[in-house]
Each structure stands twice: as structure tokens, then as C-alpha cells.
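Enquirer: This is structure29.cif, which holds mmCIF, C-alpha atoms:
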```
data_input
loop_
_atom_site.label_atom_id
_atom_site.label_comp_id
_atom_site.auth_asym_id
_atom_site.auth_seq_id
_atom_site.Cartn_x
_atom_site.Cartn_y
_atom_site.Cartn_z
CA MET A 177 0.82 11.01 -28.22
CA VAL A 178 4.40 10.30 -29.15
CA VAL A 179 7.31 9.05 -27.12
CA THR A 180 9.39 11.94 -25.86
CA ALA A 181 12.90 11.90 -24.48
CA PHE A 182 11.28 12.50 -21.11
CA ASP A 183 9.37 9.21 -21.37
CA MET A 184 12.53 7.33 -22.25
CA LEU A 185 14.43 8.91 -19.39
CA LEU A 186 11.62 8.23 -16.95
CA CYS A 187 11.37 4.56 -17.92
CA LEU A 188 15.13 4.09 -17.72
CA THR A 189 15.22 5.79 -14.32
CA LEU A 190 12.38 3.63 -13.04
CA VAL A 191 14.16 0.43 -14.03
CA TRP A 192 17.49 1.71 -12.71
CA LEU A 193 15.92 2.70 -9.39
CA ALA A 194 14.12 -0.62 -9.05
CA TRP A 195 17.38 -2.43 -9.65
CA HIS A 196 19.20 -0.41 -7.01
CA VAL A 197 16.35 -0.70 -4.50
CA LEU A 198 16.58 -4.46 -4.75
CA ALA A 199 20.35 -4.83 -5.15
CA SER A 200 21.23 -2.59 -2.24
CA ARG A 201 22.38 -4.42 0.88
CA ASP A 202 21.84 -1.31 2.97
CA LEU A 203 18.15 -1.45 3.79
CA PHE A 204 17.82 2.20 4.71
CA ARG A 205 19.23 3.20 1.33
CA ALA A 206 16.87 0.73 -0.35
CA VAL A 207 13.84 2.23 1.39
CA VAL A 208 14.81 5.79 0.51
CA LEU A 209 15.32 4.77 -3.12
CA PHE A 210 11.94 3.03 -3.02
CA ILE A 211 10.26 6.25 -1.91
CA SER A 212 11.80 8.12 -4.83
CA PHE A 213 10.73 5.24 -7.07
CA GLY A 214 7.14 5.84 -5.93
CA MET A 215 7.44 9.55 -6.73
CA LEU A 216 8.66 8.80 -10.26
CA MET A 217 5.84 6.29 -10.68
CA ALA A 218 3.45 9.15 -9.93
CA LEU A 219 5.08 11.12 -12.75
CA GLY A 220 4.62 8.10 -15.00
CA TRP A 221 0.90 7.98 -14.20
CA VAL A 222 0.62 11.63 -15.22
CA ARG A 223 2.29 10.80 -18.52
CA LEU A 224 -0.14 7.93 -19.03
CA ARG A 225 -3.05 10.32 -18.47
CA ALA A 226 -4.17 8.76 -15.21
CA PRO A 227 -4.27 11.70 -12.77
CA ASP A 228 -6.31 9.72 -10.24
CA LEU A 229 -3.52 7.22 -9.99
CA ALA A 230 -0.86 9.91 -9.79
CA LEU A 231 -2.57 11.42 -6.76
CA ALA A 232 -3.02 8.05 -5.08
CA GLU A 233 0.52 6.91 -5.84
CA ALA A 234 2.09 10.11 -4.53
CA ALA A 235 0.10 9.92 -1.30
CA ILE A 236 0.00 6.17 -0.69
CA GLY A 237 2.60 4.49 -2.85
CA SER A 238 5.50 6.62 -1.81
CA GLY A 239 4.26 8.53 1.22
CA LEU A 240 2.46 6.03 3.41
CA THR A 241 4.32 2.93 2.26
CA GLY A 242 7.60 4.75 2.78
CA ALA A 243 6.55 5.76 6.27
CA LEU A 244 5.58 2.16 7.04
CA PHE A 245 8.93 0.86 5.79
CA LEU A 246 10.92 3.45 7.71
CA SER A 247 9.10 2.77 10.96
CA ALA A 248 9.59 -1.00 10.51
CA LEU A 249 13.27 -0.36 9.81
CA ARG A 250 13.62 1.58 13.04
CA LYS A 251 12.04 -1.24 15.02
CA LEU A 252 14.26 -3.80 13.30
CA ALA A 253 17.38 -1.70 13.89
CA GLY A 254 16.53 -1.70 17.58
CA THR A 255 16.24 -5.47 17.75
CA THR A 256 19.30 -6.25 15.63
CA LYS A 257 21.46 -3.87 17.61
CA GLU A 258 20.37 -5.57 20.80
CA LYS A 259 20.96 -8.98 19.25
CA ARG A 260 24.44 -8.07 18.07
CA ARG A 261 25.30 -6.90 21.55
CA LEU A 262 23.97 -10.16 23.00
CA ASP A 263 25.90 -12.23 20.47
CA ARG A 264 29.06 -10.44 21.48
CA ASP A 265 28.35 -11.07 25.13
CA GLU A 266 27.88 -14.76 24.46
CA GLU A 267 31.17 -15.00 22.60
CA ARG A 268 33.07 -13.66 25.58
CA MET B 87 5.84 -1.49 -34.96
CA ALA B 88 6.45 2.09 -33.88
CA LEU B 89 7.30 2.70 -30.28
CA SER B 90 4.24 4.24 -28.67
CA PRO B 91 4.22 5.48 -25.06
CA SER B 92 1.94 2.67 -23.98
CA LEU B 93 4.33 0.12 -25.47
CA LEU B 94 7.31 1.77 -23.78
CA TYR B 95 5.62 1.91 -20.39
CA GLY B 96 4.22 -1.59 -20.81
CA LEU B 97 7.69 -3.01 -21.43
CA THR B 98 8.98 -1.00 -18.46
CA GLY B 99 6.24 -2.57 -16.34
CA LEU B 100 7.25 -6.05 -17.46
CA MET B 101 10.87 -5.23 -16.72
CA LEU B 102 9.99 -4.05 -13.21
CA PHE B 103 8.00 -7.23 -12.66
CA VAL B 104 10.93 -9.40 -13.71
CA ILE B 105 13.44 -7.46 -11.59
CA GLY B 106 11.12 -7.75 -8.60
CA LEU B 107 10.72 -11.47 -9.19
CA ALA B 108 14.50 -11.92 -9.28
CA ALA B 109 14.94 -10.05 -6.03
CA LEU B 110 12.09 -11.99 -4.43
CA PHE B 111 14.10 -15.16 -5.10
CA THR B 112 17.54 -13.91 -4.24
CA SER B 113 17.15 -11.29 -1.52
CA PRO B 114 18.68 -12.55 1.71
CA GLN B 115 16.63 -10.18 3.81
CA LEU B 116 12.91 -10.45 4.41
CA LEU B 117 12.48 -6.70 4.16
CA GLY B 118 14.12 -6.86 0.75
CA LYS B 119 11.55 -9.44 -0.28
CA ILE B 120 8.72 -7.16 0.81
CA LEU B 121 10.26 -4.34 -1.23
CA ALA B 122 10.53 -6.75 -4.15
CA VAL B 123 6.83 -7.60 -3.96
CA ASN B 124 6.03 -3.89 -3.96
CA ILE B 125 8.16 -3.31 -7.06
CA MET B 126 6.48 -6.27 -8.77
CA ALA B 127 3.09 -4.77 -7.94
CA SER B 128 4.17 -1.44 -9.44
CA GLY B 129 5.21 -3.23 -12.61
CA ILE B 130 1.87 -4.99 -12.88
CA PHE B 131 0.00 -1.73 -12.32
CA LEU B 132 2.02 -0.03 -15.04
CA PHE B 133 1.31 -2.90 -17.42
CA LEU B 134 -2.43 -2.88 -16.67
CA ILE B 135 -2.67 0.85 -17.27
CA THR B 136 -0.97 0.59 -20.62
CA LEU B 137 -3.60 -1.98 -21.60
CA ALA B 138 -6.12 0.81 -21.02
CA HIS B 139 -4.62 2.64 -23.99
CA GLY B 140 -4.81 -0.40 -26.21
CA SER B 141 -7.81 0.39 -28.34
CA GLY B 142 -6.84 3.84 -29.50
CA THR B 143 -7.94 7.29 -28.48
CA LEU B 144 -10.46 6.32 -25.80
CA ILE B 145 -8.88 5.59 -22.42
CA ASP B 146 -10.47 2.72 -20.59
CA PRO B 147 -11.28 3.79 -17.01
CA VAL B 148 -11.83 0.24 -15.74
CA PRO B 149 -8.11 -0.66 -15.41
CA GLN B 150 -7.51 2.70 -13.77
CA ALA B 151 -10.16 1.98 -11.16
CA MET B 152 -8.76 -1.50 -10.60
CA VAL B 153 -5.22 -0.17 -10.14
CA LEU B 154 -6.50 2.48 -7.74
CA THR B 155 -8.02 -0.29 -5.65
CA GLY B 156 -4.82 -2.27 -6.04
CA ILE B 157 -2.65 0.54 -4.67
CA VAL B 158 -4.71 0.73 -1.49
CA VAL B 159 -4.75 -3.05 -1.13
CA SER B 160 -1.00 -3.25 -1.63
CA VAL B 161 -0.33 -0.71 1.13
CA SER B 162 -2.45 -2.69 3.56
CA SER B 163 -0.78 -5.96 2.62
CA THR B 164 2.62 -4.28 3.04
CA ALA B 165 1.60 -3.18 6.51
CA VAL B 166 0.59 -6.74 7.39
CA ALA B 167 3.85 -8.13 5.99
CA LEU B 168 5.91 -5.62 7.96
CA ALA B 169 4.02 -6.42 11.16
CA LEU B 170 4.75 -10.12 10.57
CA LEU B 171 8.40 -9.29 9.93
CA CYS B 172 8.70 -7.34 13.18
CA ARG B 173 7.07 -10.23 15.00
CA ILE B 174 9.52 -12.74 13.46
CA GLU B 175 12.45 -10.56 14.45
CA ALA B 176 11.14 -10.23 17.98
CA ALA B 177 10.75 -14.02 18.22
CA ALA B 178 14.24 -14.68 16.80
CA ARG B 179 15.89 -12.29 19.21
CA PRO B 180 17.24 -13.95 22.36
CA PRO B 181 15.25 -12.24 25.08
CA ALA B 182 17.96 -11.55 27.63
CA HIS B 183 15.68 -9.68 29.93
CA LEU B 184 13.40 -12.70 30.26
CA PRO B 185 14.21 -15.90 32.16
CA LYS B 186 15.82 -18.59 30.00
CA LYS B 187 13.00 -21.10 30.56
CA LYS B 188 10.41 -19.03 28.80
CA ASP B 189 12.71 -18.61 25.82
CA GLU B 190 13.07 -22.37 25.40
CA ALA B 191 9.37 -22.92 25.83
CA ARG B 192 8.68 -20.45 23.08
CA GLN B 193 11.12 -22.03 20.68
CA GLY B 194 10.03 -25.57 21.43
CA MET C 142 16.86 -15.32 9.91
CA VAL C 143 17.10 -11.90 8.46
CA ASN C 144 20.44 -11.10 10.02
CA SER C 145 22.16 -14.30 9.04
CA GLY C 146 21.94 -13.24 5.39
CA ARG C 147 25.15 -11.32 5.69
CA LYS C 148 27.20 -14.37 6.62
CA ARG C 149 25.78 -16.70 4.03
CA VAL C 150 26.51 -16.44 0.36
CA SER C 151 23.59 -14.98 -1.55
CA PRO C 152 21.33 -17.72 -2.95
CA ALA C 153 22.20 -16.53 -6.44
CA HIS C 154 25.34 -18.63 -6.74
CA ARG C 155 25.16 -18.44 -10.48
CA PRO C 156 24.13 -14.89 -11.30
CA TRP C 157 24.51 -15.43 -15.04
CA LEU C 158 22.04 -18.34 -14.96
CA LEU C 159 19.51 -16.20 -13.15
CA LEU C 160 20.09 -13.40 -15.62
CA VAL C 161 19.53 -15.71 -18.59
CA LEU C 162 16.36 -17.16 -17.09
CA LEU C 163 15.01 -13.73 -16.32
CA LEU C 164 15.78 -12.44 -19.80
CA LEU C 165 13.99 -15.45 -21.24
CA PHE C 166 11.01 -14.81 -18.99
CA PHE C 167 10.97 -11.14 -19.97
CA ALA C 168 11.17 -12.08 -23.63
CA ALA C 169 8.25 -14.50 -23.25
CA LEU C 170 6.10 -11.90 -21.51
CA ALA C 171 7.00 -9.24 -24.06
CA TRP C 172 6.25 -11.64 -26.92
CA VAL C 173 2.78 -12.36 -25.55
CA TYR C 174 2.24 -8.63 -25.12
CA LEU C 175 3.41 -7.76 -28.61
CA VAL C 176 1.42 -10.40 -30.52
CA PRO C 177 -1.18 -8.42 -32.49
CA GLY C 178 -4.66 -8.80 -31.12
CA SER C 179 -3.56 -9.92 -27.69
CA VAL C 180 -4.52 -6.60 -26.12
CA PRO C 181 -8.25 -6.61 -25.45
CA GLY C 182 -10.40 -3.77 -26.68
CA GLY C 183 -11.43 -2.56 -23.26
CA LEU C 184 -14.66 -1.23 -21.88
CA ALA C 185 -14.23 2.47 -22.58
CA ARG C 186 -17.21 2.65 -24.91
CA GLN C 187 -19.54 0.84 -22.52
CA VAL C 188 -18.51 3.10 -19.66
CA ASP C 189 -19.07 6.22 -21.77
CA ALA C 190 -22.45 4.97 -22.90
CA SER C 191 -23.79 4.51 -19.38
CA LEU C 192 -21.94 7.37 -17.72
CA VAL C 193 -25.04 9.57 -17.69
CA ALA C 194 -26.95 6.94 -15.72
CA SER C 195 -24.22 6.53 -13.12
CA GLY C 196 -24.89 9.72 -11.18
CA VAL C 197 -21.37 11.16 -11.46
CA SER C 198 -19.46 12.62 -14.37
CA SER C 199 -15.98 11.30 -13.53
CA ARG C 200 -15.45 8.04 -15.35
CA VAL C 201 -13.09 6.53 -12.80
CA THR C 202 -15.39 7.39 -9.91
CA ALA C 203 -18.34 5.97 -11.83
CA VAL C 204 -16.48 2.70 -12.28
CA LEU C 205 -15.29 2.59 -8.69
CA LEU C 206 -18.53 3.38 -6.92
CA ASN C 207 -21.20 2.36 -9.37
CA PHE C 208 -20.25 -0.10 -12.11
CA ARG C 209 -17.72 -2.02 -10.05
CA ALA C 210 -18.77 -1.09 -6.55
CA TYR C 211 -18.04 -4.65 -5.49
CA ASP C 212 -14.33 -3.89 -5.85
CA THR C 213 -14.54 -0.94 -3.52
CA LEU C 214 -16.66 -2.87 -1.03
CA LEU C 215 -14.12 -5.68 -0.89
CA GLU C 216 -11.25 -3.21 -0.72
CA CYS C 217 -12.79 -1.63 2.39
CA PHE C 218 -13.02 -5.09 3.93
CA ILE C 219 -9.40 -5.82 3.04
CA LEU C 220 -8.28 -2.68 4.85
CA LEU C 221 -10.36 -3.75 7.85
CA LEU C 222 -8.79 -7.20 7.71
CA GLY C 223 -5.31 -5.64 7.54
CA VAL C 224 -5.99 -3.60 10.67
CA MET C 225 -7.29 -6.70 12.46
CA VAL C 226 -4.21 -8.76 11.54
CA VAL C 227 -1.80 -6.00 12.56
CA TRP C 228 -3.59 -5.54 15.86
CA SER C 229 -3.62 -9.20 16.65
CA LEU C 230 0.07 -9.54 15.79
CA ARG C 231 1.09 -6.76 18.11
CA SER C 232 -1.34 -7.13 20.99
CA ALA C 233 0.36 -10.13 22.57
CA GLY C 234 3.91 -8.92 22.13
CA THR C 235 5.86 -6.10 23.58
CA THR C 236 4.30 -2.70 23.68
CA GLU C 237 6.72 -0.27 22.15
CA PRO C 238 7.56 2.67 24.32
CA ARG C 239 6.05 5.84 23.06
CA GLN C 240 8.57 7.72 20.95
CA PRO C 241 9.71 11.05 22.31
CA ALA C 242 8.60 14.17 20.48
CA VAL C 243 10.81 14.77 17.49
CA GLY C 244 11.19 18.47 17.83
CA ALA C 245 10.07 21.96 17.18
CA ILE C 246 10.39 21.75 13.40
CA LEU C 247 7.95 18.86 13.17
CA ALA C 248 5.55 20.62 15.51
CA ALA C 249 5.64 23.77 13.41
CA LEU C 250 5.28 21.79 10.20
CA GLU C 251 2.34 19.99 11.69
CA ARG C 252 0.58 23.21 12.65
CA LEU C 253 1.08 24.42 9.11
CA LEU C 254 0.33 21.23 7.22
CA LEU C 255 -2.53 19.60 9.12
CA PRO C 256 -5.22 22.17 8.29
CA LEU C 257 -3.97 22.25 4.72
CA MET C 258 -4.10 18.47 4.43
CA ILE C 259 -7.65 18.31 5.76
CA LEU C 260 -8.61 21.08 3.34
CA VAL C 261 -7.01 19.24 0.41
CA ALA C 262 -8.70 15.99 1.42
CA GLY C 263 -12.04 17.74 1.49
CA TYR C 264 -11.41 19.30 -1.89
CA LEU C 265 -10.35 16.00 -3.46
CA LEU C 266 -13.46 14.35 -2.09
CA TRP C 267 -15.64 17.08 -3.51
CA ALA C 268 -13.85 17.16 -6.85
CA GLY C 269 -13.99 13.39 -7.19
CA SER C 270 -17.42 13.29 -8.76
CA SER C 271 -16.42 15.34 -11.77
CA GLN C 272 -12.61 15.16 -12.16
CA ALA C 273 -9.52 13.50 -10.76
CA GLY C 274 -9.82 12.77 -7.07
CA GLY C 275 -12.21 10.90 -4.86
CA ALA C 276 -12.48 8.78 -1.78
CA PHE C 277 -9.18 6.94 -2.16
CA GLN C 278 -7.03 10.01 -2.60
CA ALA C 279 -8.84 11.93 0.13
CA GLY C 280 -8.52 8.95 2.45
CA ALA C 281 -4.83 8.65 1.68
CA ILE C 282 -4.25 12.29 2.56
CA LEU C 283 -6.26 11.93 5.77
CA GLY C 284 -4.13 8.88 6.57
CA GLY C 285 -1.02 10.96 5.92
CA ALA C 286 -2.29 13.59 8.33
CA GLY C 287 -2.80 10.85 10.91
CA VAL C 288 0.74 9.58 10.35
CA LEU C 289 2.08 13.10 10.82
CA LEU C 290 0.23 13.34 14.12
CA LEU C 291 1.55 9.96 15.22
CA LEU C 292 5.12 10.95 14.31
CA ASP C 293 4.86 13.81 16.74
CA SER C 294 3.84 11.19 19.32
CA SER C 295 0.42 12.70 19.53
CA PRO C 296 -1.64 9.93 21.12
CA PHE C 297 -4.78 10.72 19.19
CA LEU C 298 -5.52 7.05 18.65
CA ASP C 299 -5.32 6.51 22.42
CA ILE C 300 -7.43 9.50 23.31
CA LEU C 301 -10.12 8.50 20.86
CA PRO C 302 -12.75 6.43 22.67
CA LYS C 303 -12.48 2.78 21.75
CA LYS C 304 -16.00 2.68 20.40
CA ALA C 305 -15.37 5.70 18.19
CA LEU C 306 -12.24 4.12 16.74
CA VAL C 307 -13.91 0.80 16.01
CA TRP C 308 -16.97 2.44 14.50
CA GLY C 309 -14.78 4.79 12.47
CA ILE C 310 -12.84 1.89 11.00
CA THR C 311 -15.90 -0.18 10.23
CA LEU C 312 -18.02 2.74 9.03
CA ALA C 313 -17.35 2.33 5.30
CA PRO C 314 -17.74 -1.47 5.07
CA LEU C 315 -20.93 -1.40 7.14
CA PHE C 316 -22.38 1.51 5.16
CA PHE C 317 -21.53 -0.25 1.92
CA LEU C 318 -23.22 -3.43 3.10
CA ALA C 319 -26.24 -1.46 4.26
CA VAL C 320 -26.58 0.21 0.85
CA GLY C 321 -26.24 -3.15 -0.87
CA VAL C 322 -28.78 -4.87 1.33
CA ALA C 323 -31.18 -1.95 0.98
CA ALA C 324 -31.06 -2.45 -2.77
CA LEU C 325 -31.79 -6.15 -2.27
CA THR C 326 -34.83 -5.45 -0.13
CA GLN C 327 -36.23 -3.16 -2.81
CA GLY C 328 -35.92 -5.92 -5.37
CA ARG C 329 -32.84 -4.63 -7.18
CA PRO C 330 -29.52 -6.43 -7.55
CA PHE C 331 -26.93 -6.02 -4.79
CA LEU C 332 -25.19 -2.62 -4.69
CA THR C 333 -27.21 -0.95 -7.41
CA TYR C 334 -28.71 2.48 -7.02
CA ARG C 335 -31.86 4.08 -8.27
CA PHE C 336 -31.10 6.73 -10.86
CA GLN C 337 -32.67 9.59 -8.87
CA GLU C 338 -30.59 8.98 -5.79
CA ALA C 339 -27.42 7.61 -7.37
CA SER C 340 -25.28 10.70 -7.02
CA LEU C 341 -26.38 11.30 -3.43
CA VAL C 342 -25.63 7.70 -2.43
CA ILE C 343 -22.26 7.80 -4.19
CA VAL C 344 -21.21 11.01 -2.45
CA ALA C 345 -22.29 9.61 0.93
CA LEU C 346 -20.39 6.39 0.26
CA GLU C 347 -17.32 8.39 -0.76
CA VAL C 348 -17.36 10.46 2.42
CA ALA C 349 -17.64 7.32 4.55
CA ALA C 350 -14.95 5.52 2.54
CA ALA C 351 -12.49 8.43 2.73
CA PHE C 352 -12.97 8.69 6.49
CA SER C 353 -12.56 4.97 7.09
CA ILE C 354 -9.61 4.60 4.71
CA GLY C 355 -7.82 7.48 6.41
CA LEU C 356 -8.41 6.05 9.86
CA CYS C 357 -7.41 2.54 8.75
CA LEU C 358 -4.15 3.77 7.20
CA ALA C 359 -3.24 5.75 10.30
CA THR C 360 -4.05 2.73 12.47
CA LEU C 361 -1.93 0.49 10.25
CA PHE C 362 0.96 2.89 10.68
CA ALA C 363 0.52 3.01 14.46
CA GLY C 364 0.69 -0.77 14.32
CA ARG C 365 -0.26 -1.35 17.91
CA LEU C 366 -3.45 -1.52 19.82
CA PRO C 367 -4.33 1.67 21.62
CA GLU C 368 -2.92 1.76 25.12
CA TYR C 369 -6.12 1.05 27.04
CA GLU C 370 -6.36 -2.22 25.16
CA SER C 371 -2.81 -3.52 25.34
CA GLU C 372 -2.35 -3.47 29.10
CA PRO C 373 -5.03 -6.00 30.08
CA ALA C 374 -4.18 -8.11 27.05
CA GLN C 375 -0.63 -8.47 28.26
CA ASP C 376 -1.75 -9.44 31.74
CA LYS C 377 -4.04 -12.06 30.30
CA PHE C 378 -1.19 -13.62 28.34
CA ALA C 379 1.08 -13.61 31.36
CA ALA C 380 -1.64 -15.40 33.32
CA LYS C 381 -2.03 -17.96 30.57
CA ARG C 382 1.66 -18.83 30.69
CA GLY C 383 1.24 -19.63 34.35
CA GLU C 384 3.08 -16.83 36.03
#
```
Would you write out, as C-alpha cells, the structure that this file holds?
Expert:
Amino acid sequence: MVVTAFDMLLCLTLVWLAWHVLASRDLFRAVVLFISFGMLMALGWVRLRAPDLALAEAAIGSGLTGALFLSALRKLAGTTKEKRRLDRDEER
Amino acid sequence: MALSPSLLYGLTGLMLFVIGLAALFTSPQLLGKILAVNIMASGIFLFLITLAHGSGTLIDPVPQAMVLTGIVVSVSSTAVALALLCRIEAAARPPAHLPKKKDEARQG
Amino acid sequence: MVNSGRKRVSPAHRPWLLLVLLLLFFAALAWVYLVPGSVPGGLARQVDASLVASGVSSRVTAVLLNFRAYDTLLECFILLLGVMVVWSLRSAGTTEPRQPAVGAILAALERLLLPLMILVAGYLLWAGSSQAGGAFQAGAILGGAGVLLLLDSSPFLDILPKKALVWGITLAPLFFLAVGVAALTQGRPFLTYRFQEASLVIVALEVAAAFSIGLCLATLFAGRLPEYESEPAQDKFAAKRGE
């Protein structure tokens, strides 16, 4: 097995995505990027000849973890919005 | 040393681990820290799997099985971390709909 | 705590220092990795040698459910522990209002996808003994199906009798323990199988594990105790505070 341009591109994209997931201040954007990161990880597992892992990563790593993050984000958005409103009320 | 796929992916895994570690230190948001831990875990998994290619043509299934277990464990730990995060947020929020006394009692 | 991050300056006051430290750390890790002979030989040959005795022909499944069954046993317990922690974190707090149904598209998608997902999970479970697939993947897809149901505010976790839910979640860990203890009583080491019945036991364990993993993942996503449980728990806490 030799390194193909695809491997190089995949590795670069993984690192780039990880960087943007973690550098992004917008949490929703970070979570969406994280889900796509998981999908690309699944591709990486296929390239490394680990189909079991590719299946698990696609279903769990990006699917379920992403769903967990998004639902937590929705709950947090609810509380922060309420808090911001309360802060404003206190300032008045 | 020629660049083999396992070397390339192994170095990528290390890179992901280091990026995650940096974000774990610097992220101002707790959710960002949880994301960082997940990225670090992905990096470690990638690294472990490339070790499976180390000895040549035979692929070692033991790291693959360990990483498979690790993926499931990491999703459950993420769920626990997110539940804790939601609980922290709920505790930090000033509960306007509750009487003030209870709020103080909870904080004190 | 989380929200105040925007006002404060990020803890990385000196980004270049962090960058240098991280590059050094990366270089150290890469150096250890690249030193010849630092990568261990692995266990591929040993696994191949005893694959015939394991009862399945997929190497990963053989490792997961036979050679290193301890890992899978503990992993089932970790999932159980996760569900217990999430439940105990939510039970005393506010019960979230049930989300309204998202819409017709989700409902249609659900009708289309759910049977397919269950079919795929069954196939993966069946294929797991000889090729890629197995309990984890099947469980993950079952969990995904559960999440899809929960998204459409289907209260299937509430409708499910409490006993069924608890038994469903604990099925795999208990079955694993039972298999292990049965081996002990017959004078074999913990969690080892007799050759004649190995494949049967492994398939049974996989079915139980897939079912429990799926249910655990869906429960983790739901995050809260089922409704019949949360109401009295809240009253109890209110009483404890002296109201």
C-alpha cells in the first residue's frame, strides 16, 4: 500500500477540520464541523483497512455523538437566552 | 524512511491529539472542552490503529477491537459530560421563576 | 461560567508560546514514534493461530468476544454506568417539556428509515461472525433508530414498562456475567467457552449486547428518566427542601 494523493488530502482535511472545530467561537458551527470530522474519520478507517471501525465511527462517532451535542446545544441555548434576558432586566 | 500510509495517519493522529490538547487548555467554553476531548480521542484511535500495521502485511486485529470498544466508551462518556454541562448551566442560571431564598440556599 | 468566556480574554495570552510548546510536544511524540523498533510487533500471528478455536471466523469479533471478552464485558458495564449517571443527574432537576413533533418530513423519513435500520442492524449482527460488522455496529444503528424515534417526540421510552427498560439495559452485562460464572462453575477460567459451544455462545452474547447497546444509547440521548419516574422524584425533592 502506498500513500496516494487522497490519503494526503484526507489527513490535511482532518487536521484542518479539527483546528476549525476547536478554534470556532460559534458552538453550533463547531458541532457541525465535528460531525463532518467524524464522517471523514470513517473514510480514514476504510483507508486503513478497518471496516469494522468505519461502520462504528459513521454510526456512533459522527451520528450519535453529533446528535448528543446538538441536543445539548439546544438545551444550553435555551438557558443562555433566558439568562441574557434576565441580565438585561437586572441592568435596568 | 519512506512515507507509508500508516506513518502518515499516525502523524495525523498525533497532530489531532496535540490540537485537542491545546484546545482543552485554551477553550473558554466547557462544550468546546468536551469537543476537544473527543478530537483527542480520535487522534489516539488513529495512532493505535496505525500501530496495527507496524509489523508488515498482517494486520493486528487487537488494536482494532480495542478502538471499537473505545468508540463506544467515548460516546457514553461524552453523554455523561454533556449531562453534567447542562446541569452546571442550569445551576448557574438565576432561576427567576423560583423564590429568591431557594436560589441563595442552593448557592451557599 | 460558560457564558462569561466571551467577556474575558482567552487564556492563551501568548499564542506563540503555546504554539511553540505544542510543536515541541508534537516533535517529542513523533520522535518516540519514529525511533526504529519502538513499534511493537503485535499479536496478529497469535490471533490467526487460534482463530479456528474461537468459534467465529472474523478476527475482530474473535478478539472482542472471545480472546478479550473482558473488554466487552467492562464496556457493557460502562454504558450501564453512563445511563445511571445521566439519569441521576437529570432526575432531580427540571423535566424538560416534551418537544413538539418536528414535522411531516421527519415522520415520512422515519417510516422509510426505521424498518431499513432494523434490517441493517440485523444484517450487521449476522454478518459479524464472518466479516465486518457485529454487536457494536448493530447496537449503534439500533441506537440511531431510537434517536430518530425520540426526535419525532415518540415517547417509546415512556410507554415501555419500567421493568422492560431496566431489564433491557442490563441484559448484556448480566448475560455476560452469567456466561462467565457458568464457566467458573465448570472449572474453566472466567469468560472462556467450550469449543463445541463457542460460536453459539458468541452469537447469543452478540445479540444481547447489540440490543442493550442500542437501548443504552437511545436512553443516553433521551437524557431524562422516563416520565412515570420523574414526577414522584420531583415531589420527593420538594418535600426534602421543606416546602
Enquirer: Would you please work out which residue, of A:Phe213, A:Leu203, A:Cys187, A:Val208, is nearest to chain C when using all atoms listed in the file?
Expert: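 Selected residue with least distance to chain C: A:Leu203.
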Enquirer: Got a sec to resolve the PyMOL selection byres ((chain C) within 7 of (chain A)) on this structure and send the residues as a list in words?
Expert: Ala273, Gly274, Phe277, Gln278, Ala281, Ile282, Gly285 and Phe362 of chain C
Enquirer: So that I have them on file, write out the residues from the current selection with C-alpha atoms, as a PDB file, keeping the file's coordinate frame.
Expert:
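Generated output (part39.pdb):
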```pdb
ATOM      1  CA  ALA C 273      -9.520  13.500 -10.760  1.00  0.00           C
ATOM      2  CA  GLY C 274      -9.820  12.770  -7.070  1.00  0.00           C
ATOM      3  CA  PHE C 277      -9.180   6.940  -2.160  1.00  0.00           C
ATOM      4  CA  GLN C 278      -7.030  10.010  -2.600  1.00  0.00           C
ATOM      5  CA  ALA C 281      -4.830   8.650   1.680  1.00  0.00           C
ATOM      6  CA  ILE C 282      -4.250  12.290   2.560  1.00  0.00           C
ATOM      7  CA  GLY C 285      -1.020  10.960   5.920  1.00  0.00           C
ATOM      8  CA  PHE C 362       0.960   2.890  10.680  1.00  0.00           C
TER       9      PHE C 362
END
```
Enquirer: Taking the file as I've supplied it (selection: the PyMOL selection byres ((chain B) within 7 of (chain C))), which residues are included? Please answer as number ranges by chain.
Expert: B: 97, 100-101, 104, 112, 114-116, 137-138, 140-141, 144-148, 150-151, 155, 159, 162-163, 165-166, 169
Enquirer: Could you tell me how far CA of Ala210 (chain C) sits from CA of Ser198 (chain C), in Å to one decimal place?
Expert: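 So the answer is 15.8 Å.
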Enquirer: Kindly indicate which residue among B:Ala122, B:Arg173, B:Pro149, B:Leu93 lies nearest to chain A, using all atoms listed in the file for the distances.
Expert: B:Ala122
Enquirer: Near chain A, which residues of chain B fall within 9 Å when you count all atoms listed in the file, and what do they look like as a PyMOL selection string?
Expert: chain B and resi 89-92+94-95+98-99+101-102+105-106+108-110+113-115+117-119+121-122+125+128+132+135-136+139+145+147+150-151+153-154+157-158+160-162+164-165+168-169+171-172+175-176+179-182
Enquirer: Taking (-6.5, 8.5, 14.8) in the file's coordinates as the center, which residues reach within 12 Å of it, counting only C-alpha atoms, put as a ChimeraX atom specification?
Expert: /C:283-292,294-303,305-307,309-310,352-364,366-367
Enquirer: Please report the interatomic distance between CA of Phe336 (chain C) and CA of Val193 (chain C) in Å with one decimal.
Expert: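 Taking CA of Phe336 (chain C) and CA of Val193 (chain C), their separation equals 9.6 Å.
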Enquirer: To one decimal place, how far is CA of Phe103 (chain B) from CA of Leu165 (chain C) in Å?
Expert: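 Straight-line distance from CA of Phe103 (chain B) to CA of Leu165 (chain C) works out to 13.3 Å.
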Enquirer: Specify the axis-aligned box that encloses all atoms of region 195-209 of chain A listed in the file after padding of 5 Å on each side, stating its centre and edge lengths in Å to one decimal as AutoDock Vina command-line options.
Expert:
```
--center_x 18.1 --center_y 0.5 --center_z -2.5 --size_x 18.5 --size_y 20.6 --size_z 24.4
```
Enquirer: Expand the PyMOL selection byres ((chain C and resi 263) around 12) into the explicit residue set it covers here, and present it as number ranges by chain.
Expert: C: 256-262, 264-269, 274-283, 347-348, 351-352
Enquirer: Go ahead and save the picked residues with C-alpha atoms, as a CSV table (one decimal), in the coordinates of the input.
Expert:
```
chain,number,residue,atom,x,y,z
C,256,PRO,CA,-5.2,22.2,8.3
C,257,LEU,CA,-4.0,22.2,4.7
C,258,MET,CA,-4.1,18.5,4.4
C,259,ILE,CA,-7.6,18.3,5.8
C,260,LEU,CA,-8.6,21.1,3.3
C,261,VAL,CA,-7.0,19.2,0.4
C,262,ALA,CA,-8.7,16.0,1.4
C,264,TYR,CA,-11.4,19.3,-1.9
C,265,LEU,CA,-10.4,16.0,-3.5
C,266,LEU,CA,-13.5,14.4,-2.1
C,267,TRP,CA,-15.6,17.1,-3.5
C,268,ALA,CA,-13.8,17.2,-6.8
C,269,GLY,CA,-14.0,13.4,-7.2
C,274,GLY,CA,-9.8,12.8,-7.1
C,275,GLY,CA,-12.2,10.9,-4.9
C,276,ALA,CA,-12.5,8.8,-1.8
C,277,PHE,CA,-9.2,6.9,-2.2
C,278,GLN,CA,-7.0,10.0,-2.6
C,279,ALA,CA,-8.8,11.9,0.1
C,280,GLY,CA,-8.5,9.0,2.4
C,281,ALA,CA,-4.8,8.6,1.7
C,282,ILE,CA,-4.2,12.3,2.6
C,283,LEU,CA,-6.3,11.9,5.8
C,347,GLU,CA,-17.3,8.4,-0.8
C,348,VAL,CA,-17.4,10.5,2.4
C,351,ALA,CA,-12.5,8.4,2.7
C,352,PHE,CA,-13.0,8.7,6.5
```
